[in-house]
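K.L.:
Dropping in protein.csv, which is CSV, C-alpha atoms and all ligand atoms:
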chain,number,residue,atom,x,y,z
A,1,MET,CA,0.0,0.0,0.0
A,2,ALA,CA,2.8,2.4,0.9
A,3,SER,CA,4.4,1.8,-2.5
A,4,MET,CA,1.3,3.2,-4.3
A,5,PHE,CA,1.9,6.8,-3.2
A,6,ALA,CA,3.5,8.9,-5.9
A,7,PRO,CA,5.1,11.3,-5.6
A,8,PHE,CA,5.4,12.2,-1.9
A,9,PRO,CA,5.2,15.9,-1.0
A,10,GLU,CA,8.3,17.5,0.6
A,11,ARG,CA,6.4,17.9,3.9
A,12,VAL,CA,4.2,14.9,4.5
A,13,ARG,CA,1.1,15.5,6.7
A,14,LEU,CA,0.0,11.9,7.2
A,15,LEU,CA,-3.4,10.7,8.5
A,16,ASP,CA,-3.8,7.1,9.7
A,17,ALA,CA,-7.4,6.8,11.0
A,18,GLY,CA,-8.1,3.5,12.8
A,19,ALA,CA,-4.3,3.1,13.2
A,20,GLY,CA,-4.3,-0.2,15.2
A,21,ALA,CA,-0.7,-0.9,16.1
A,22,GLY,CA,0.5,1.6,13.5
A,23,ALA,CA,1.5,-0.9,10.8
A,24,LEU,CA,0.4,1.3,7.9
A,25,THR,CA,2.2,4.5,9.1
A,26,ALA,CA,5.3,2.4,9.7
A,27,ALA,CA,5.1,1.2,6.1
A,28,VAL,CA,4.9,4.7,4.8
A,29,VAL,CA,7.8,5.8,7.0
A,30,LYS,CA,9.9,2.8,5.9
A,31,ARG,CA,9.3,3.5,2.3
A,32,ILE,CA,10.3,7.2,2.7
A,33,CYS,CA,13.4,6.3,4.7
A,34,ASN,CA,14.5,3.8,2.2
A,35,ASP,CA,14.4,6.3,-0.6
A,36,SER,CA,13.7,9.7,0.6
A,37,TYR,CA,11.8,11.0,-2.5
A,38,GLY,CA,12.8,14.4,-1.4
A,39,VAL,CA,10.7,14.2,1.8
A,40,ARG,CA,12.0,16.5,4.5
A,41,SER,CA,9.5,15.9,7.2
A,42,ILE,CA,6.6,13.6,8.2
A,43,ASP,CA,4.0,14.8,10.6
A,44,ALA,CA,1.8,11.8,11.5
A,45,THR,CA,-1.7,12.0,13.0
A,46,LEU,CA,-3.2,8.8,14.2
A,47,TYR,CA,-6.6,8.0,15.5
A,48,GLU,CA,-7.2,4.8,17.4
A,49,ILE,CA,-10.1,4.1,19.8
A,50,ASP,CA,-9.0,0.8,21.3
A,51,PRO,CA,-7.1,1.5,24.6
A,52,SER,CA,-5.6,-2.0,24.7
A,53,ILE,CA,-3.4,-1.2,21.6
A,54,ARG,CA,-2.2,2.3,22.6
A,55,GLU,CA,1.0,1.2,24.1
A,56,THR,CA,2.0,-0.8,21.0
A,57,LEU,CA,1.0,2.1,18.8
A,58,LEU,CA,3.2,4.4,20.8
A,59,GLU,CA,6.1,2.0,20.5
A,60,THR,CA,5.7,1.7,16.7
A,61,MET,CA,5.7,5.6,16.5
A,62,GLN,CA,8.9,5.7,18.6
A,63,ASP,CA,10.5,3.1,16.2
A,64,CYS,CA,9.4,5.4,13.3
A,65,GLN,CA,11.0,8.3,15.0
A,66,ARG,CA,14.3,6.5,15.3
A,67,ALA,CA,14.2,5.3,11.6
A,68,CYS,CA,13.5,8.8,10.4
A,69,GLU,CA,16.3,10.3,12.6
A,70,ALA,CA,18.7,7.8,11.0
A,71,ALA,CA,17.5,8.8,7.5
A,72,GLY,CA,17.6,12.5,8.2
A,73,VAL,CA,13.8,13.0,7.9
A,74,GLU,CA,12.1,15.0,10.6
A,75,PHE,CA,9.3,13.0,12.3
A,76,THR,CA,6.6,14.2,14.6
A,77,PHE,CA,3.4,12.4,15.6
A,78,THR,CA,0.2,12.8,17.5
A,79,ILE,CA,-2.0,9.9,18.7
A,80,HIS,CA,-5.6,10.6,19.3
A,81,ASN,CA,-7.3,8.0,21.5
A,82,ILE,CA,-10.8,9.1,20.4
A,83,ASP,CA,-13.6,8.1,18.1
A,84,PHE,CA,-12.5,9.3,14.7
A,85,ILE,CA,-16.1,9.4,13.3
A,86,ARG,CA,-17.6,11.4,16.1
A,87,GLU,CA,-14.7,13.8,16.6
A,88,LEU,CA,-14.1,14.6,12.9
A,89,SER,CA,-17.7,14.7,11.9
A,90,ALA,CA,-18.2,17.4,14.6
A,91,ARG,CA,-15.2,19.3,13.5
A,92,LEU,CA,-16.0,19.1,9.9
A,93,ALA,CA,-19.6,20.2,10.6
A,94,GLY,CA,-18.2,23.2,12.5
A,95,ASP,CA,-19.8,22.0,15.8
A,96,LEU,CA,-16.7,22.3,17.9
A,97,PHE,CA,-16.1,26.0,18.3
A,98,GLY,CA,-12.7,27.2,17.3
A,99,ALA,CA,-11.4,23.7,16.3
A,100,ALA,CA,-11.0,23.8,12.5
A,101,PRO,CA,-10.4,20.4,11.1
A,102,PRO,CA,-6.8,19.5,10.2
A,103,THR,CA,-5.9,18.9,6.6
A,104,PHE,CA,-3.6,16.2,5.3
A,105,ASN,CA,-1.7,15.5,2.0
A,106,VAL,CA,-1.2,11.8,2.6
A,107,ALA,CA,-3.7,9.3,4.1
A,108,ILE,CA,-3.4,5.6,4.5
A,109,ALA,CA,-6.3,3.6,5.9
A,110,ASN,CA,-7.5,0.1,6.8
A,111,PRO,CA,-10.7,1.3,8.4
A,112,PRO,CA,-12.9,-0.9,10.7
A,113,TYR,CA,-15.8,-2.7,8.9
A,114,ARG,CA,-19.1,-2.8,10.6
A,115,LYS,CA,-22.7,-2.1,9.7
A,116,ILE,CA,-24.1,1.1,11.3
A,117,ASN,CA,-27.8,1.3,11.9
A,118,SER,CA,-29.6,4.4,10.8
A,119,ASP,CA,-30.1,5.6,14.4
A,120,SER,CA,-26.6,4.8,15.6
A,121,PRO,CA,-24.4,7.6,16.9
A,122,GLU,CA,-21.9,7.1,14.1
A,123,ARG,CA,-24.7,7.4,11.5
A,124,ARG,CA,-26.1,10.5,13.1
A,125,ALA,CA,-22.6,12.1,13.3
A,126,LEU,CA,-22.0,11.4,9.6
A,127,ARG,CA,-25.5,12.5,8.6
A,128,SER,CA,-24.7,16.0,10.1
A,129,LEU,CA,-22.2,16.3,7.3
A,130,GLY,CA,-24.6,15.0,4.7
A,131,VAL,CA,-22.8,11.6,4.5
A,132,GLU,CA,-25.4,8.8,4.4
A,133,THR,CA,-23.7,5.4,4.6
A,134,SER,CA,-24.4,2.1,6.2
A,135,ASN,CA,-20.9,0.9,7.0
A,136,LEU,CA,-18.2,2.2,9.3
A,137,TYR,CA,-15.6,1.8,6.6
A,138,THR,CA,-17.3,4.0,4.1
A,139,GLY,CA,-17.9,6.5,6.8
A,140,PHE,CA,-14.2,6.6,7.5
A,141,ILE,CA,-13.3,7.0,3.8
A,142,ALA,CA,-15.9,9.8,3.4
A,143,LEU,CA,-14.3,11.7,6.3
A,144,ILE,CA,-10.8,11.1,5.2
A,145,GLN,CA,-11.6,12.4,1.8
A,146,ARG,CA,-12.9,15.6,3.3
A,147,LEU,CA,-9.7,16.0,5.3
A,148,LEU,CA,-7.5,15.8,2.3
A,149,ALA,CA,-6.0,19.0,0.8
A,150,PRO,CA,-6.4,19.3,-3.0
A,151,GLY,CA,-3.9,16.9,-4.6
A,152,GLY,CA,-3.7,14.9,-1.3
A,153,GLN,CA,-3.4,11.2,-1.7
A,154,LEU,CA,-5.3,8.3,-0.1
A,155,VAL,CA,-4.4,4.7,-0.2
A,156,GLY,CA,-7.0,2.5,1.5
A,157,ILE,CA,-7.8,-1.2,1.9
A,158,THR,CA,-11.5,-1.9,2.2
A,159,PRO,CA,-14.1,-4.4,1.3
A,160,ARG,CA,-15.1,-4.1,-2.3
A,161,SER,CA,-18.8,-3.9,-1.5
A,162,PHE,CA,-18.9,-0.2,-2.1
A,163,CYS,CA,-18.2,-0.7,-5.8
A,164,ASN,CA,-21.7,-1.8,-6.5
A,165,GLY,CA,-25.1,-2.2,-4.9
A,166,PRO,CA,-27.7,0.5,-4.4
A,167,TYR,CA,-26.9,1.1,-0.7
A,168,PHE,CA,-23.5,2.5,-1.5
A,169,ARG,CA,-24.6,4.7,-4.4
A,170,PRO,CA,-24.5,8.0,-2.4
A,171,PHE,CA,-21.1,7.0,-1.2
A,172,ARG,CA,-19.8,6.3,-4.7
A,173,GLU,CA,-21.2,9.6,-5.9
A,174,ASP,CA,-19.4,11.4,-3.1
A,175,PHE,CA,-16.2,9.4,-3.6
A,176,LEU,CA,-16.0,9.7,-7.4
A,177,SER,CA,-16.9,13.4,-7.4
A,178,GLN,CA,-14.1,14.3,-4.9
A,179,LEU,CA,-11.4,11.7,-5.5
A,180,GLU,CA,-9.6,10.8,-8.7
A,181,LEU,CA,-9.1,7.0,-8.8
A,182,ARG,CA,-5.5,6.2,-9.9
A,183,ARG,CA,-5.1,2.6,-9.2
A,184,LEU,CA,-7.1,-0.4,-7.9
A,185,HIS,CA,-5.7,-3.6,-6.6
A,186,VAL,CA,-7.8,-6.8,-6.3
A,187,PHE,CA,-7.1,-10.0,-4.5
A,188,GLU,CA,-8.1,-13.1,-6.4
A,189,SER,CA,-8.7,-15.0,-3.2
A,190,ARG,CA,-11.3,-13.9,-0.7
A,191,LYS,CA,-9.5,-15.8,2.0
A,192,ALA,CA,-5.9,-14.9,1.8
A,193,ALA,CA,-5.8,-11.2,3.0
A,194,PHE,CA,-7.2,-11.8,6.5
A,195,ARG,CA,-6.7,-15.5,6.9
A,196,ALA,CA,-5.3,-15.0,10.3
A,197,ASP,CA,-8.5,-13.4,11.5
A,198,SER,CA,-10.7,-16.0,9.6
A,199,VAL,CA,-12.3,-13.2,7.7
A,200,LEU,CA,-13.8,-14.1,4.4
A,201,GLN,CA,-13.9,-10.8,2.7
A,202,GLU,CA,-13.4,-9.5,-0.8
A,203,ASN,CA,-11.0,-6.7,-0.4
A,204,ILE,CA,-9.5,-4.1,-2.7
A,205,ILE,CA,-6.8,-1.5,-2.3
A,206,PHE,CA,-7.3,1.8,-4.0
A,207,HIS,CA,-5.1,4.8,-4.6
A,208,ALA,CA,-7.0,8.1,-5.1
A,209,VAL,CA,-6.1,11.7,-5.3
A,210,LYS,CA,-8.3,14.6,-4.1
A,211,GLY,CA,-9.5,16.3,-7.2
A,212,ARG,CA,-12.3,16.4,-9.7
A,213,HIS,CA,-10.9,15.0,-12.9
A,214,GLN,CA,-10.9,11.3,-13.3
A,215,PRO,CA,-7.9,10.0,-15.4
A,216,ARG,CA,-8.4,8.7,-19.0
A,217,GLU,CA,-6.8,5.5,-18.0
A,218,MET,CA,-6.0,3.7,-14.8
A,219,THR,CA,-4.1,0.7,-13.6
A,220,VAL,CA,-5.8,-2.4,-12.2
A,221,SER,CA,-3.5,-4.9,-10.6
A,222,SER,CA,-4.2,-8.2,-9.0
A,223,SER,CA,-2.5,-10.8,-6.9
A,224,SER,CA,-3.7,-13.9,-5.2
A,225,GLY,CA,-3.3,-12.3,-1.8
A,226,GLU,CA,-0.7,-14.8,-0.6
A,227,GLN,CA,2.6,-13.4,0.7
A,228,GLY,CA,5.2,-12.6,-1.9
A,229,ASP,CA,2.9,-13.4,-4.8
A,230,ASP,CA,3.3,-11.9,-8.3
A,231,ILE,CA,1.3,-8.8,-9.1
A,232,THR,CA,-0.1,-8.5,-12.6
A,233,GLU,CA,-1.0,-5.1,-13.9
A,234,THR,CA,-3.3,-4.0,-16.7
A,235,VAL,CA,-4.2,-0.5,-17.8
A,236,PHE,CA,-7.9,0.1,-18.6
A,237,PRO,CA,-9.7,3.2,-20.0
A,238,PHE,CA,-11.4,4.8,-17.0
A,239,ALA,CA,-14.7,4.6,-18.9
A,240,GLU,CA,-14.5,0.8,-18.6
A,241,ILE,CA,-14.2,1.1,-14.8
A,242,VAL,CA,-16.9,3.7,-14.3
A,243,HIS,CA,-19.2,3.9,-17.3
A,244,PRO,CA,-19.7,7.5,-18.2
A,245,HIS,CA,-23.5,7.4,-18.3
A,246,ASP,CA,-24.1,5.1,-15.4
A,247,ALA,CA,-26.4,6.8,-13.0
A,248,GLU,CA,-25.5,4.1,-10.4
A,249,ARG,CA,-21.8,5.0,-10.6
A,250,PHE,CA,-20.8,1.3,-10.3
A,251,ILE,CA,-17.1,0.7,-10.2
A,252,HIS,CA,-16.4,-2.3,-12.4
A,253,ILE,CA,-13.2,-4.0,-11.4
A,254,PRO,CA,-12.0,-6.3,-14.1
A,255,SER,CA,-10.3,-9.3,-12.8
A,256,THR,CA,-7.2,-9.0,-14.9
A,257,THR,CA,-6.9,-12.6,-15.9
A,258,GLY,CA,-10.5,-13.3,-17.0
A,259,HIS,CA,-11.4,-9.9,-18.2
A,260,ALA,CA,-9.6,-9.8,-21.5
A,261,THR,CA,-11.2,-13.0,-22.8
A,262,ALA,CA,-14.7,-11.9,-21.5
A,263,LYS,CA,-14.3,-8.6,-23.2
A,264,GLU,CA,-13.2,-10.2,-26.5
A,265,THR,CA,-16.3,-12.4,-26.4
A,266,MET,CA,-18.6,-9.5,-25.5
A,267,ASP,CA,-17.0,-7.3,-28.2
A,268,GLY,CA,-17.9,-10.0,-30.7
A,269,LEU,CA,-21.6,-9.7,-29.8
A,270,SER,CA,-22.4,-6.4,-31.3
A,271,ALA,CA,-26.2,-6.7,-31.7
A,272,SER,CA,-28.5,-5.3,-29.0
A,273,LEU,CA,-31.5,-7.4,-27.9
A,274,ALA,CA,-33.8,-4.8,-29.4
A,275,SER,CA,-32.1,-5.1,-32.8
A,276,LEU,CA,-32.7,-8.8,-32.6
A,277,GLY,CA,-36.4,-8.3,-31.8
A,278,VAL,CA,-36.0,-9.7,-28.3
A,279,THR,CA,-37.4,-8.3,-25.1
A,280,VAL,CA,-36.6,-9.3,-21.6
A,281,SER,CA,-38.8,-9.6,-18.5
A,282,THR,CA,-38.5,-11.1,-15.1
A,283,GLY,CA,-41.2,-13.6,-14.0
A,284,ARG,CA,-44.4,-11.7,-13.8
A,285,VAL,CA,-46.5,-13.9,-11.4
A,286,VAL,CA,-46.0,-12.9,-7.8
A,287,ASP,CA,-47.3,-16.2,-6.3
A,288,PHE,CA,-48.1,-15.0,-2.8
A,289,ARG,CA,-50.4,-12.3,-4.2
A,290,LEU,CA,-52.3,-14.9,-6.3
A,291,LYS,CA,-52.4,-17.7,-3.8
A,292,ASP,CA,-56.0,-18.6,-4.5
A,293,SER,CA,-55.4,-19.0,-8.1
A,294,LEU,CA,-52.5,-21.5,-7.8
A,295,ARG,CA,-53.1,-25.2,-8.4
A,296,LYS,CA,-50.9,-28.1,-7.5
A,297,GLU,CA,-52.0,-30.0,-10.6
A,298,PRO,CA,-53.0,-28.7,-14.0
A,299,GLU,CA,-56.8,-28.7,-14.6
A,300,ILE,CA,-59.3,-27.3,-17.0
A,301,GLY,CA,-59.1,-23.5,-16.9
A,302,THR,CA,-55.5,-23.4,-15.8
A,303,VAL,CA,-52.2,-22.7,-17.6
A,304,PRO,CA,-48.7,-23.9,-16.8
A,305,LEU,CA,-46.8,-22.0,-14.1
A,306,LEU,CA,-43.1,-22.5,-14.0
A,307,TYR,CA,-40.7,-22.3,-11.0
A,308,PRO,CA,-37.0,-22.8,-10.9
A,309,CYS,CA,-37.6,-26.4,-10.0
A,310,HIS,CA,-39.0,-27.0,-13.4
A,311,PHE,CA,-35.6,-26.2,-15.0
A,312,ASN,CA,-33.2,-29.1,-15.4
A,313,GLY,CA,-30.4,-29.9,-17.7
A,314,GLY,CA,-31.1,-27.0,-20.1
A,315,THR,CA,-34.8,-27.8,-20.6
A,316,VAL,CA,-38.1,-27.5,-18.9
A,317,HIS,CA,-39.7,-30.4,-17.1
A,318,TRP,CA,-43.4,-29.8,-16.5
A,319,PRO,CA,-45.5,-30.7,-14.6
A,320,LYS,CA,-43.6,-31.9,-11.6
A,321,LEU,CA,-46.2,-33.2,-9.4
A,322,GLU,CA,-43.8,-34.5,-6.8
A,323,ALA,CA,-42.4,-31.0,-6.3
A,324,ARG,CA,-43.6,-28.8,-3.5
A,325,LYS,CA,-44.4,-25.9,-5.8
A,326,PRO,CA,-47.7,-25.5,-7.7
A,327,ASN,CA,-47.7,-26.5,-11.3
A,328,ALA,CA,-50.5,-24.3,-12.6
A,329,ILE,CA,-52.4,-21.1,-12.3
A,330,LEU,CA,-56.0,-20.3,-13.1
A,331,ASP,CA,-56.5,-18.3,-16.3
A,332,ASN,CA,-59.0,-15.7,-15.2
A,333,ALA,CA,-59.6,-11.9,-15.1
A,334,GLU,CA,-57.5,-11.5,-12.0
A,335,THR,CA,-54.5,-13.5,-13.2
A,336,ARG,CA,-54.6,-12.5,-16.9
A,337,PRO,CA,-52.4,-9.4,-16.5
A,338,TRP,CA,-49.6,-11.6,-15.2
A,339,LEU,CA,-49.8,-14.3,-17.8
A,340,VAL,CA,-47.7,-14.2,-21.0
A,341,PRO,CA,-49.3,-15.0,-24.4
A,342,SER,CA,-48.5,-18.4,-26.0
A,343,GLY,CA,-45.3,-18.1,-28.0
A,344,MET,CA,-41.6,-18.9,-28.1
A,345,TYR,CA,-39.7,-18.0,-25.0
A,346,LEU,CA,-36.2,-18.5,-23.7
A,347,LEU,CA,-36.2,-19.0,-19.9
A,348,THR,CA,-33.2,-18.2,-17.8
A,349,LYS,CA,-32.6,-18.9,-14.2
A,350,ARG,CA,-30.0,-17.1,-12.1
A,351,PHE,CA,-28.3,-18.8,-9.2
A,352,THR,CA,-27.3,-16.7,-6.4
A,353,SER,CA,-25.3,-19.4,-4.7
A,354,LYS,CA,-21.5,-19.0,-5.4
A,355,GLU,CA,-21.1,-22.8,-5.3
A,356,GLU,CA,-23.0,-23.2,-8.6
A,357,ARG,CA,-20.6,-23.7,-11.6
A,358,ARG,CA,-22.8,-21.6,-13.8
A,359,ARG,CA,-24.6,-18.5,-12.5
A,360,LEU,CA,-27.0,-18.4,-15.4
A,361,VAL,CA,-28.8,-21.4,-16.8
A,362,ALA,CA,-30.9,-21.1,-20.0
B,1,LIG,C1,-9.1,-3.0,10.5
B,1,LIG,S1,-8.3,-2.3,11.9
B,1,LIG,C2,-6.8,-1.7,11.1
B,1,LIG,C3,-5.6,-1.5,12.0
B,1,LIG,C4,-4.4,-0.9,11.3
B,1,LIG,N1,-4.6,0.3,10.6
B,1,LIG,C5,-3.8,-2.0,10.4
B,1,LIG,O1,-4.0,-2.0,9.2
B,1,LIG,O2,-3.2,-2.9,10.9
B,1,LIG,C6,-9.2,-0.9,12.3
B,1,LIG,C7,-8.8,-0.2,13.5
B,1,LIG,O3,-9.7,0.9,13.7
B,1,LIG,C8,-10.0,1.1,15.1
B,1,LIG,N2,-11.3,1.8,15.3
B,1,LIG,C9,-12.5,1.2,15.2
B,1,LIG,N3,-13.4,2.2,15.3
B,1,LIG,C10,-12.8,3.4,15.5
B,1,LIG,C11,-13.2,4.7,15.7
B,1,LIG,N4,-14.5,5.0,15.7
B,1,LIG,N5,-12.2,5.7,15.8
B,1,LIG,C12,-10.9,5.3,15.8
B,1,LIG,N6,-10.5,4.1,15.6
B,1,LIG,C13,-11.4,3.1,15.5
B,1,LIG,C14,-10.0,-0.4,15.7
B,1,LIG,O4,-9.8,-0.4,17.0
B,1,LIG,C15,-8.9,-1.0,14.8
B,1,LIG,O5,-7.7,-0.9,15.5
How would this structure read if it were set down as structure tokens?

P.N.:
Amino acid sequence: MASMFAPFPERVRLLDAGAGAGALTAAVVKRICNDSYGVRSIDATLYEIDPSIRETLLETMQDCQRACEAAGVEFTFTIHNIDFIRELSARLAGDLFGAAPPTFNVAIANPPYRKINSDSPERRALRSLGVETSNLYTGFIALIQRLLAPGGQLVGITPRSFCNGPYFRPFREDFLSQLELRRLHVFESRKAAFRADSVLQENIIFHAVKGRHQPREMTVSSSSGEQGDDITETVFPFAEIVHPHDAERFIHIPSTTGHATAKETMDGLSASLASLGVTVSTGRVVDFRLKDSLRKEPEIGTVPLLYPCHFNGGTVHWPKLEARKPNAILDNAETRPWLVPSGMYLLTKRFTSKEERRRLVA
């Protein structure tokens, strides 16, 4: 993560929010001390709420101080044993009289991950700034972003859940309107990064710069997540990562290995469904609303009703009288709006389970 910053400013004002034992700040310090990059001073500000880790954090900062001294880099640090969310939300909202929020030009973060309910103190604190988000990690990133000076850089490791899904849309808007994405790194294994903690989580690392102009191209790298593993890098047009007209602002992260072939296949399919005269629809019958019209067995006055259990081996098996689901629905004035005319249809079924070899069966 520390290797992603480029270039470092001469006077680094570093923020490490949710600092833990200070591993990330130590990594930045180590990188700067190994090859000074023209850095003359580092002023580190660390927020860590857990009292049991304070002593270790202090020791790590003292180690950093010694390393910087040896490398001829001035090093100062401040550890805040307080709640980053509450404190900085209040300062950014101007609630704490006379205490203007600090600004940073370098931030590194591995924020805590936890759902925050809509009436939690964290959520209320963030809301006072206009930040509406359901997880602590996105709250951290939203605040860090606000504390960056123009051109300030952030490298963060977070779950990749913010990249899609409707809940994170306001966060993505905020993120992409204030931060220029420069690089994404994905781990191919969900297990490797936090194996020691038995955390099964899809994580990404991103490098972003405070500013309003997304690059034309950006690098996406990937590695298995195992120690010392090779990193492969591919440059993609930014428009492939965030589609320019996508109102959802999804961040598409190509897995560098599979993406090229998938893209080739997709590029070969140039027709749109409309140009082929095909329309798409989800299943129209909402069975619990039409309970009285459902029939276990087909009878006069009914038409076939298909459930996922009627799909098997690429074809439809109907009726399935031994299945628990109904096989038929009455054809009457109430159900008619939800029935489809006789015709030629292609049915598809989507598996949500990750264990299925194919996600889509037709
Ligand atoms: C995922 S850990 C990362 C620790 C460290 N940065 C690292 O990468 O090793 C997140 C840290 O944030 C701290 N934390 C959680 N909530 C916090 C809050 N509201 N304010 C400050 N720190 C918090 C936790 O105690 C924990 O040490």

K.L.:
For a quick check of understanding, using all atoms listed in the file, which of A:Lys210, A:Ala274, A:Pro319, A:Gly165 has the smallest distance to Phe250 (chain A)?

P.N.:
A:Gly165

K.L.:
As a count of residues only, please: the residues near Leu179 (chain A) (cut-off 6 Å, only C-alpha atoms, same-chain neighbours under 5 positions excluded).

P.N.:
4

K.L.:
In terms of the shortest atom-to-atom distance over all atoms listed in the file, which of A:Gly94, A:Gly156, A:Gly130, A:Pro150 is closest to ligand LIG 1 (chain B)?

P.N.:
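Closest to ligand LIG 1 (chain B) of all the choices is A:Gly156.
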
K.L.:
Just want the residues within 8 Å of ligand LIG 1 (chain B), written as a PDB file with C-alpha atoms, keeping the file's coordinate frame, counting all atoms listed in the file.

P.N.:
ATOM      1  CA  ASP A  16      -3.800   7.100   9.700  1.00  0.00           C
ATOM      2  CA  ALA A  17      -7.400   6.800  11.000  1.00  0.00           C
ATOM      3  CA  GLY A  18      -8.100   3.500  12.800  1.00  0.00           C
ATOM      4  CA  ALA A  19      -4.300   3.100  13.200  1.00  0.00           C
ATOM      5  CA  GLY A  20      -4.300  -0.200  15.200  1.00  0.00           C
ATOM      6  CA  ALA A  21      -0.700  -0.900  16.100  1.00  0.00           C
ATOM      7  CA  GLY A  22       0.500   1.600  13.500  1.00  0.00           C
ATOM      8  CA  ALA A  23       1.500  -0.900  10.800  1.00  0.00           C
ATOM      9  CA  LEU A  24       0.400   1.300   7.900  1.00  0.00           C
ATOM     10  CA  TYR A  47      -6.600   8.000  15.500  1.00  0.00           C
ATOM     11  CA  GLU A  48      -7.200   4.800  17.400  1.00  0.00           C
ATOM     12  CA  ILE A  49     -10.100   4.100  19.800  1.00  0.00           C
ATOM     13  CA  ASP A  50      -9.000   0.800  21.300  1.00  0.00           C
ATOM     14  CA  ILE A  53      -3.400  -1.200  21.600  1.00  0.00           C
ATOM     15  CA  ASN A  81      -7.300   8.000  21.500  1.00  0.00           C
ATOM     16  CA  ILE A  82     -10.800   9.100  20.400  1.00  0.00           C
ATOM     17  CA  ASP A  83     -13.600   8.100  18.100  1.00  0.00           C
ATOM     18  CA  PHE A  84     -12.500   9.300  14.700  1.00  0.00           C
ATOM     19  CA  ILE A  85     -16.100   9.400  13.300  1.00  0.00           C
ATOM     20  CA  ARG A  86     -17.600  11.400  16.100  1.00  0.00           C
ATOM     21  CA  ALA A 109      -6.300   3.600   5.900  1.00  0.00           C
ATOM     22  CA  ASN A 110      -7.500   0.100   6.800  1.00  0.00           C
ATOM     23  CA  PRO A 111     -10.700   1.300   8.400  1.00  0.00           C
ATOM     24  CA  PRO A 112     -12.900  -0.900  10.700  1.00  0.00           C
ATOM     25  CA  TYR A 113     -15.800  -2.700   8.900  1.00  0.00           C
ATOM     26  CA  GLU A 122     -21.900   7.100  14.100  1.00  0.00           C
ATOM     27  CA  LEU A 136     -18.200   2.200   9.300  1.00  0.00           C
TER      28      LEU A 136
END

K.L.:
Which of these residues is nearest to Pro244 (chain A), using all atoms listed in the file: A:Ile231, A:Leu321, A:Leu184, A:Arg216?

P.N.:
A:Arg216

K.L.:
List as JSON, numbers by chain the protein and nucleic acid residues near Glu217 (chain A), meaning an atom at most 6 Å away when only C-alpha atoms are counted, but skip any in the same chain fewer than 2 places from it.

P.N.:
{"A": [215, 236, 237, 238]}

K.L.:
So that I can see what lies close to Ser128 (chain A), please list as a VMD selection string the residues with an atom at most 9 Å from it, counting all atoms listed in the file and leaving out residues fewer than 6 positions away in the same chain.

P.N.:
chain A and resid 89 to 90 93

K.L.:
Counting all atoms listed in the file, which residue out of A:Tyr307, A:Tyr167, A:Phe77, A:Phe5 sits closest to Arg350 (chain A)?

P.N.:
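Ranked by minimum distance to Arg350 (chain A), first place goes to A:Tyr307.
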
K.L.:
Using only C-alpha atoms for the distances, tell me which of A:Ile42, A:Ala26, A:Ala71, A:Met1 is nearest to Leu57 (chain A).

P.N.:
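With only C-alpha atoms as the atom set, the closest residue is A:Ala26.
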
K.L.:
Rounded to one decimal in Å, what is the spacing between CA of Phe175 (chain A) and CA of Ala100 (chain A)?

P.N.:
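CA of Ala100 (chain A) lies 22.2 Å from CA of Phe175 (chain A).
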
K.L.:
Could you list, as a PyMOL selection string, every residue within 6 Å of region 324-332 of chain A, counting only C-alpha atoms and ignoring same-chain residues fewer than 2 positions away?

P.N.:
chain A and resi 293-298+301-305+319+334-336

K.L.:
Identify, on the basis of all atoms listed in the file, every residue whose closest approach to Ala2 (chain A) does not exceed 9 Å; exclude the query and any residue fewer than 4 positions from it along the same chain; express the result as JSON, numbers by chain.

P.N.:
{"A": [24, 25, 27, 28, 29, 30, 31, 108, 155]}

K.L.:
Please return region 84-92 of chain A, rebuilt to N, CA and C atoms, as a PDB file, keeping the file's coordinate frame.

P.N.:
ATOM      1  N   PHE A  84     -12.791   8.522  15.868  1.00  0.00           N
ATOM      2  CA  PHE A  84     -12.500   9.300  14.700  1.00  0.00           C
ATOM      3  C   PHE A  84     -13.801   9.856  14.035  1.00  0.00           C
ATOM      4  N   ILE A  85     -14.816   8.987  13.971  1.00  0.00           N
ATOM      5  CA  ILE A  85     -16.100   9.400  13.300  1.00  0.00           C
ATOM      6  C   ILE A  85     -16.732  10.547  14.028  1.00  0.00           C
ATOM      7  N   ARG A  86     -16.902  10.380  15.331  1.00  0.00           N
ATOM      8  CA  ARG A  86     -17.600  11.400  16.100  1.00  0.00           C
ATOM      9  C   ARG A  86     -16.856  12.722  16.115  1.00  0.00           C
ATOM     10  N   GLU A  87     -15.556  12.600  16.407  1.00  0.00           N
ATOM     11  CA  GLU A  87     -14.700  13.800  16.600  1.00  0.00           C
ATOM     12  C   GLU A  87     -14.633  14.577  15.233  1.00  0.00           C
ATOM     13  N   LEU A  88     -14.288  13.852  14.170  1.00  0.00           N
ATOM     14  CA  LEU A  88     -14.100  14.600  12.900  1.00  0.00           C
ATOM     15  C   LEU A  88     -15.359  15.001  12.243  1.00  0.00           C
ATOM     16  N   SER A  89     -16.450  14.244  12.453  1.00  0.00           N
ATOM     17  CA  SER A  89     -17.700  14.700  11.900  1.00  0.00           C
ATOM     18  C   SER A  89     -18.078  16.036  12.548  1.00  0.00           C
ATOM     19  N   ALA A  90     -17.903  16.112  13.878  1.00  0.00           N
ATOM     20  CA  ALA A  90     -18.200  17.400  14.600  1.00  0.00           C
ATOM     21  C   ALA A  90     -17.356  18.494  14.113  1.00  0.00           C
ATOM     22  N   ARG A  91     -16.071  18.212  13.952  1.00  0.00           N
ATOM     23  CA  ARG A  91     -15.200  19.300  13.500  1.00  0.00           C
ATOM     24  C   ARG A  91     -15.446  19.743  12.102  1.00  0.00           C
ATOM     25  N   LEU A  92     -15.725  18.767  11.248  1.00  0.00           N
ATOM     26  CA  LEU A  92     -16.000  19.100   9.900  1.00  0.00           C
ATOM     27  C   LEU A  92     -17.346  19.884   9.749  1.00  0.00           C
TER      28      LEU A  92
END
